[in-house]
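Content type compact mmCIF, C-alpha atoms and all ligand atoms, from the file upload18.txt:
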# COMPACT_ATOMS: atom_id res chain seq x y z
CA MET G 136 -0.30 19.70 24.72
CA ASP G 137 -0.71 23.18 23.29
CA THR G 138 -4.42 23.28 22.43
CA MET G 139 -4.12 26.87 21.18
CA THR G 140 -1.81 25.69 18.43
CA LEU G 141 -4.22 22.90 17.49
CA THR G 142 -7.24 25.17 17.23
CA ALA G 143 -5.37 27.93 15.40
CA SER G 144 -4.94 25.90 12.19
CA PRO G 145 -8.15 25.71 10.09
CA MET G 146 -6.95 22.66 8.13
CA PRO G 147 -4.42 20.52 10.01
CA ARG G 148 -1.92 18.87 7.71
CA VAL G 149 -1.86 15.09 7.82
CA ARG G 150 1.29 13.83 6.21
CA PRO G 151 1.06 10.19 5.18
CA ALA G 152 3.27 7.83 7.12
CA GLY G 153 5.33 5.19 5.40
CA PRO G 154 7.39 5.30 2.21
CA PRO G 155 9.56 8.33 1.36
CA SER G 156 8.16 11.09 -0.87
CA LEU G 157 10.33 11.41 -3.98
CA SER G 158 11.02 14.35 -6.30
CA PRO G 159 9.50 14.34 -9.83
CA GLY G 160 12.90 13.45 -11.34
CA ALA G 161 13.44 10.55 -8.94
CA LEU G 162 9.89 9.31 -9.58
CA ARG G 163 10.50 9.24 -13.34
CA SER G 164 13.59 7.07 -12.87
CA GLU G 165 11.68 4.77 -10.47
CA GLN G 166 9.00 4.43 -13.14
CA ARG G 167 11.65 3.38 -15.69
CA ILE G 168 12.96 0.79 -13.21
CA THR G 169 9.48 -0.69 -12.76
CA LEU G 170 8.72 -0.71 -16.50
CA THR G 171 12.00 -2.42 -17.44
CA ALA G 172 12.12 -4.91 -14.53
CA PRO G 173 11.20 -8.51 -15.38
CA ARG G 174 7.67 -9.29 -14.21
CA GLY G 175 7.33 -11.62 -11.23
CA ARG G 176 5.65 -14.99 -11.50
CA PRO G 177 1.85 -14.59 -11.31
CA ASN G 178 0.31 -15.61 -8.00
CA ILE G 179 -2.83 -17.68 -8.49
CA VAL G 180 -4.84 -15.98 -5.70
CA VAL G 181 -3.90 -12.48 -6.84
CA SER G 182 -4.66 -13.43 -10.47
CA ALA G 183 -8.10 -14.72 -9.43
CA LEU G 184 -8.78 -11.52 -7.47
CA ASN G 185 -7.70 -9.37 -10.43
CA LEU G 186 -9.90 -11.41 -12.75
CA VAL G 187 -12.95 -10.71 -10.56
CA VAL G 188 -12.04 -6.99 -10.43
CA SER G 189 -11.60 -6.92 -14.24
CA LEU G 190 -14.94 -8.66 -14.82
CA LEU G 191 -16.73 -6.13 -12.59
CA TYR G 192 -14.82 -2.93 -13.49
CA GLY G 193 -13.33 -3.59 -16.93
CA ARG G 194 -10.01 -4.96 -18.19
CA ARG G 195 -8.40 -1.57 -18.85
CA ALA G 196 -6.63 0.22 -16.02
CA SER G 197 -8.61 3.26 -14.84
CA LEU G 198 -8.82 5.53 -11.81
CA GLN G 199 -12.12 3.85 -10.85
CA LYS G 200 -10.49 0.43 -10.94
CA PHE G 201 -7.53 1.68 -8.89
CA LEU G 202 -9.96 2.96 -6.25
CA VAL G 203 -11.42 -0.54 -5.87
CA LEU G 204 -7.93 -2.05 -5.63
CA GLU G 205 -7.05 0.47 -2.90
CA HIS G 206 -10.06 -0.71 -0.85
CA LEU G 207 -8.62 -4.22 -1.04
CA ALA G 208 -5.02 -3.08 -0.43
CA GLN G 209 -5.77 -2.04 3.17
CA VAL G 210 -7.21 -5.42 4.11
CA PRO G 211 -4.03 -7.50 4.74
CA TYR G 212 -2.56 -4.75 6.95
CA ARG G 213 -5.72 -4.72 9.07
CA SER G 214 -5.56 -8.51 9.43
CA TRP G 215 -1.88 -8.46 10.41
CA GLU G 216 -2.38 -5.64 12.90
CA ARG G 217 -5.18 -7.52 14.69
CA ILE G 218 -3.20 -10.76 14.82
CA ALA G 219 -0.09 -8.93 16.11
CA GLN G 220 -2.18 -7.23 18.82
CA ARG G 221 -3.35 -10.66 19.98
CA ARG G 222 0.23 -11.88 20.02
CA ILE G 223 1.32 -8.92 22.14
CA ALA G 224 -1.36 -9.90 24.66
CA ARG G 225 0.15 -13.39 24.77
CA THR G 226 3.77 -12.31 25.39
CA ARG G 227 3.15 -12.51 29.16
CA GLY G 228 5.76 -10.10 30.41
CA ARG G 229 8.38 -10.79 27.72
CA SER G 230 8.79 -7.10 27.07
CA THR G 231 11.54 -7.38 24.45
CA LEU G 232 9.39 -9.64 22.30
CA ALA G 233 6.30 -7.45 22.90
CA ARG G 234 8.28 -4.40 21.82
CA ARG G 235 9.45 -6.12 18.62
CA ILE G 236 5.88 -7.11 17.74
CA GLN G 237 4.79 -3.54 18.51
CA VAL G 238 7.19 -2.31 15.83
CA ARG G 239 5.48 -4.66 13.37
CA VAL G 240 2.06 -3.28 14.44
CA ALA G 241 3.29 0.27 13.85
CA GLU G 242 4.53 -0.71 10.40
CA ALA G 243 1.15 -2.26 9.49
CA ARG G 244 -0.60 0.94 10.65
CA ASP G 245 1.74 3.14 8.62
CA GLN G 246 1.03 1.08 5.53
CA GLN G 247 -2.74 1.26 6.13
CA ASP G 248 -2.45 5.06 6.43
CA ASN G 249 -0.43 5.19 3.23
CA GLU G 250 -3.05 3.07 1.39
CA GLN G 251 -5.73 5.40 2.71
CA TRP G 252 -3.84 8.37 1.27
CA HIS G 253 -3.87 6.57 -2.11
CA MET G 254 -7.63 6.17 -1.82
CA LEU G 255 -8.15 9.85 -0.97
CA VAL G 256 -6.01 10.90 -3.96
CA LEU G 257 -8.04 8.70 -6.31
CA GLU G 258 -11.38 9.91 -4.91
CA GLU G 259 -10.25 13.50 -5.41
CA LEU G 260 -9.06 12.87 -8.98
CA LEU G 261 -12.37 11.22 -9.84
CA ALA G 262 -14.37 14.03 -8.22
CA ARG G 263 -12.37 16.60 -10.23
CA ARG G 264 -13.30 14.75 -13.41
CA GLY G 265 -16.96 14.94 -12.43
CA GLN G 266 -17.16 11.16 -12.01
CA ARG G 267 -20.04 10.13 -9.77
CA LEU G 268 -19.22 6.97 -7.85
CA GLY G 269 -22.31 4.87 -7.19
CA ARG G 270 -22.57 3.56 -3.62
CA LEU G 271 -23.36 0.02 -4.71
CA ARG G 272 -20.53 -0.28 -7.25
CA TYR G 273 -17.81 1.63 -5.42
CA ARG G 274 -18.67 1.14 -1.74
CA LEU G 275 -20.75 -1.98 -1.20
CA VAL G 276 -19.25 -4.31 -3.85
CA PRO G 277 -15.62 -3.55 -2.79
CA ARG G 278 -16.63 -4.32 0.80
CA LEU G 279 -18.13 -7.62 -0.30
CA MET G 280 -14.91 -8.46 -2.16
CA ALA G 281 -12.85 -7.44 0.86
CA ALA G 282 -14.52 -10.03 3.11
CA PRO G 283 -13.05 -13.19 1.47
CA TRP G 284 -9.76 -11.34 0.90
CA GLN G 285 -9.59 -10.55 4.62
CA LEU G 286 -10.43 -14.14 5.54
CA THR G 287 -7.70 -15.45 3.20
CA THR G 288 -4.98 -13.15 4.54
CA TRP G 289 -6.11 -13.79 8.13
CA ILE G 290 -6.11 -17.59 7.84
CA LEU G 291 -2.84 -17.65 5.91
CA HIS G 292 -1.23 -15.49 8.58
CA LEU G 293 -2.44 -17.78 11.35
CA VAL G 294 -1.35 -20.94 9.52
CA LYS G 295 1.86 -19.72 7.90
CA PRO G 296 2.59 -15.97 8.14
CA ARG G 297 5.16 -16.20 5.35
CA TRP G 298 2.44 -17.17 2.84
CA SER G 299 0.34 -14.17 3.85
CA TYR G 300 3.27 -11.78 3.37
CA LEU G 301 4.18 -13.30 -0.01
CA LEU G 302 0.57 -13.07 -1.14
CA ASN G 303 0.52 -9.38 -0.26
CA ALA G 304 3.90 -8.88 -2.00
CA ALA G 305 2.35 -10.31 -5.20
CA PHE G 306 -0.67 -8.00 -4.84
CA GLU G 307 1.59 -4.95 -4.33
CA ASP G 308 3.83 -5.97 -7.25
CA HIS G 309 0.79 -6.02 -9.53
CA ALA G 310 -0.35 -2.61 -8.21
CA GLU G 311 3.11 -1.06 -8.72
CA GLY G 312 3.17 -2.16 -12.37
CA GLU G 313 -0.41 -1.03 -13.00
CA TYR G 314 0.19 2.52 -11.76
CA MET G 315 3.48 2.95 -13.61
CA ARG G 316 2.05 1.58 -16.89
CA PHE G 317 -1.10 3.74 -16.54
CA VAL G 318 1.02 6.92 -16.29
CA ALA G 319 3.12 5.84 -19.30
CA ALA G 320 -0.05 5.25 -21.33
CA ASN G 321 -1.59 8.64 -20.41
CA PRO G 322 0.98 11.38 -21.17
CA ARG G 323 -1.63 14.14 -20.69
CA LEU G 324 -1.33 13.52 -16.93
CA GLU G 325 2.17 15.07 -17.14
CA ARG G 326 0.52 18.46 -17.84
CA GLU G 327 -2.17 18.27 -15.14
CA LEU G 328 -1.10 20.01 -11.93
CA PHE G 329 -2.16 18.27 -8.71
CA ALA G 330 -3.20 21.30 -6.67
CA SER G 331 -4.66 19.74 -3.54
CA GLU G 332 -4.32 19.60 0.25
CA LEU G 333 -3.15 16.05 -0.34
CA ALA G 334 -0.07 17.38 -2.16
CA ASP G 335 1.38 18.58 1.18
CA ARG G 336 3.53 15.47 1.01
CA TRP G 337 5.81 17.62 -1.16
CA ASP G 338 7.10 21.14 -0.66
CA HIS G 339 7.00 21.85 -4.42
CA PRO G 340 4.30 21.55 -7.14
CA VAL G 341 3.61 18.09 -8.55
CA THR G 342 1.60 16.83 -11.50
CA VAL G 343 -1.02 14.07 -11.45
CA ALA G 344 1.56 11.89 -13.26
CA ASP G 345 4.03 12.47 -10.38
CA VAL G 346 1.41 11.60 -7.77
CA LEU G 347 0.44 8.35 -9.52
CA ARG G 348 4.12 7.45 -9.94
CA GLN G 349 4.56 8.12 -6.21
CA ILE G 350 1.69 5.73 -5.48
CA GLY G 351 3.40 3.15 -7.72
CA HIS G 352 6.62 3.63 -5.77
CA ASP G 353 4.75 3.35 -2.44
CA GLU G 354 3.38 -0.01 -3.66
CA ARG G 355 6.94 -1.14 -4.37
CA CYS G 356 7.94 -0.20 -0.80
CA HIS G 357 4.98 -2.20 0.53
CA LYS G 358 6.02 -5.14 -1.63
CA LEU G 359 9.62 -5.04 -0.36
CA ASP G 360 8.44 -4.72 3.26
CA SER G 361 6.24 -7.80 2.79
CA ILE G 362 9.11 -9.77 1.25
CA ALA G 363 11.37 -8.75 4.14
CA ALA G 364 8.68 -9.81 6.63
CA ALA G 365 8.32 -13.16 4.83
CA ARG G 366 12.03 -13.68 5.39
CA GLY G 367 11.59 -12.94 9.07
CA ASN G 368 13.51 -9.66 8.92
CA GLU G 369 12.77 -6.81 11.29
CA PRO G 370 10.98 -3.75 9.83
CA GLN G 371 13.54 -1.27 8.48
CA PRO G 372 13.40 2.52 8.74
CA ALA G 373 12.57 4.43 5.52
CA GLY G 374 15.51 4.89 3.17
CA PRO G 375 16.58 4.39 -0.46
CA THR G 376 14.28 1.87 -2.13
CA PRO G 377 15.84 -0.84 -4.30
CA ALA G 378 13.76 -2.38 -7.10
CA ALA G 379 14.03 -5.77 -5.38
CA LEU G 380 15.58 -7.25 -2.28
CA PRO G 381 18.65 -9.46 -2.75
CA ALA G 382 17.89 -13.14 -2.28
CA SER G 383 19.01 -14.29 1.14
CA PRO G 384 17.96 -16.96 3.61
CA ALA G 385 16.01 -15.91 6.70
CA ARG G 386 18.43 -14.96 9.46
CA HIS G 387 15.96 -14.12 12.21
CA GLU G 388 13.32 -16.17 13.89
CA PRO G 389 10.05 -14.84 12.39
CA LEU G 390 8.36 -12.49 14.85
CA ASP G 391 5.00 -13.98 13.97
CA ALA G 392 6.03 -17.43 15.10
CA ALA G 393 7.75 -16.17 18.21
CA ALA G 394 4.71 -15.54 20.38
FE FE P 401 -2.13 1.53 -2.59
FE FE P 402 0.18 -0.99 -1.26

For the structure just supplied, provide its representation as structure tokens.
Ligand SMILES: [Fe+2]
Ligand SMILES: [Fe+2]
Amino acid sequence: MDTMTLTASPMPRVRPAGPPSLSPGALRSEQRITLTAPRGRPNIVVSALNLVVSLLYGRRASLQKFLVLEHLAQVPYRSWERIAQRRIARTRGRSTLARRIQVRVAEARDQQDNEQWHMLVLEELLARRGQRLGRLRYRLVPRLMAAPWQLTTWILHLVKPRWSYLLNAAFEDHAEGEYMRFVAANPRLERELFASELADRWDHPVTVADVLRQIGHDERCHKLDSIAAARGNEPQPAGPTPAALPASPARHEPLDAAA
């Protein structure tokens, strides 16, 4: 490895892994797709979680509330990664199966990284607005909420992985709609430039509205990946993102049941 190159850069660029980065025009059309799509059936667990978040952080969508949701968004991916690692250890020389599970682990890590990028964006936006985030309310309480959420996704994945993926798909569906509706309700964000190291995902200037629409689109990608995983499909490389996957029966043996 060329250590000279590594030390020469004062601020290494960390591009988020995962969903594709879209242009402002493409993001506006993806927002329209989300806003005009019929809403999915509410999931009782996700509704209960959102009720708790609303009671603690208010009913109205806000950057602070999104930050809390992003803490929770990383949890299922962490659970799945740990379970998949255990399954790799149990493949006992079946290298093809181990390799397939490894692809699923890599996907879970990419999604965690992408959720972390969302969190960094929100923290930066709040800091710019001079919002002080209390440790108890925005660090400790989200961690306390994450514990039962982690247990639920973990147990569901052990008992029936499909349920865990569908639960996450419902969570991501809610997040996608929240971000897209928040941007629509706050047109001033269209005039606020997002000048930040975190904007190195694009090679052109973007507004705060674009960045929040991009997060909404990332959530849609996470949702579709979870639905595909629930159907037992292999992780797909990044590409054009439909609003929903066509209904089809599972054609592959679920990886999660295979080990
Ligand atoms: Fe997110
Ligand atoms: Fe997400």

Please identify all polymer residues within 6 Å of range 212-216 of chain G, counting all atoms listed in the file, omitting same-chain residues fewer than 2 positions from it, and present them as a PyMOL selection string.
chain G and resi 209-210+218-219+240+243+289

What lies within 9 Å of range 169-172 of chain G using all atoms listed in the file, ignoring chain neighbours under 5 positions off, as a VMD selection string?
chain G and resid 164 311 to 312 315 to 316 351 to 352 355 378

Go through G:Gln199, G:Gln220, G:Asn303, G:Thr288 and flag the residue nearest Ala241 in chain G, using all atoms listed in the file for the distances.
G:Gln220

Nearby residues, ligand FE 402 (chain P), 9 Å, all atoms listed in the file, as a JSON list (two decimals) with C-alpha atoms, keeping the file's coordinate frame:
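Contents of the output file out_19.json:
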[["chain", "number", "residue", "atom", "x", "y", "z"],
["G", 205, "GLU", "CA", -7.05, 0.47, -2.90],
["G", 208, "ALA", "CA", -5.02, -3.08, -0.43],
["G", 209, "GLN", "CA", -5.77, -2.04, 3.17],
["G", 246, "GLN", "CA", 1.03, 1.08, 5.53],
["G", 247, "GLN", "CA", -2.74, 1.26, 6.13],
["G", 249, "ASN", "CA", -0.43, 5.19, 3.23],
["G", 250, "GLU", "CA", -3.05, 3.07, 1.39],
["G", 253, "HIS", "CA", -3.87, 6.57, -2.11],
["G", 303, "ASN", "CA", 0.52, -9.38, -0.26],
["G", 304, "ALA", "CA", 3.90, -8.88, -2.00],
["G", 306, "PHE", "CA", -0.67, -8.00, -4.84],
["G", 307, "GLU", "CA", 1.59, -4.95, -4.33],
["G", 308, "ASP", "CA", 3.83, -5.97, -7.25],
["G", 310, "ALA", "CA", -0.35, -2.61, -8.21],
["G", 311, "GLU", "CA", 3.11, -1.06, -8.72],
["G", 350, "ILE", "CA", 1.69, 5.73, -5.48],
["G", 351, "GLY", "CA", 3.40, 3.15, -7.72],
["G", 353, "ASP", "CA", 4.75, 3.35, -2.44],
["G", 354, "GLU", "CA", 3.38, -0.01, -3.66],
["G", 355, "ARG", "CA", 6.94, -1.14, -4.37],
["G", 356, "CYS", "CA", 7.94, -0.20, -0.80],
["G", 357, "HIS", "CA", 4.98, -2.20, 0.53],
["G", 358, "LYS", "CA", 6.02, -5.14, -1.63]]

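Proximity of G:Glu313, G:Glu165, G:Glu325, G:Glu242 to ligand FE 401 (chain P), computed with only C-alpha atoms and all ligand atoms, is greatest for G:Glu313.
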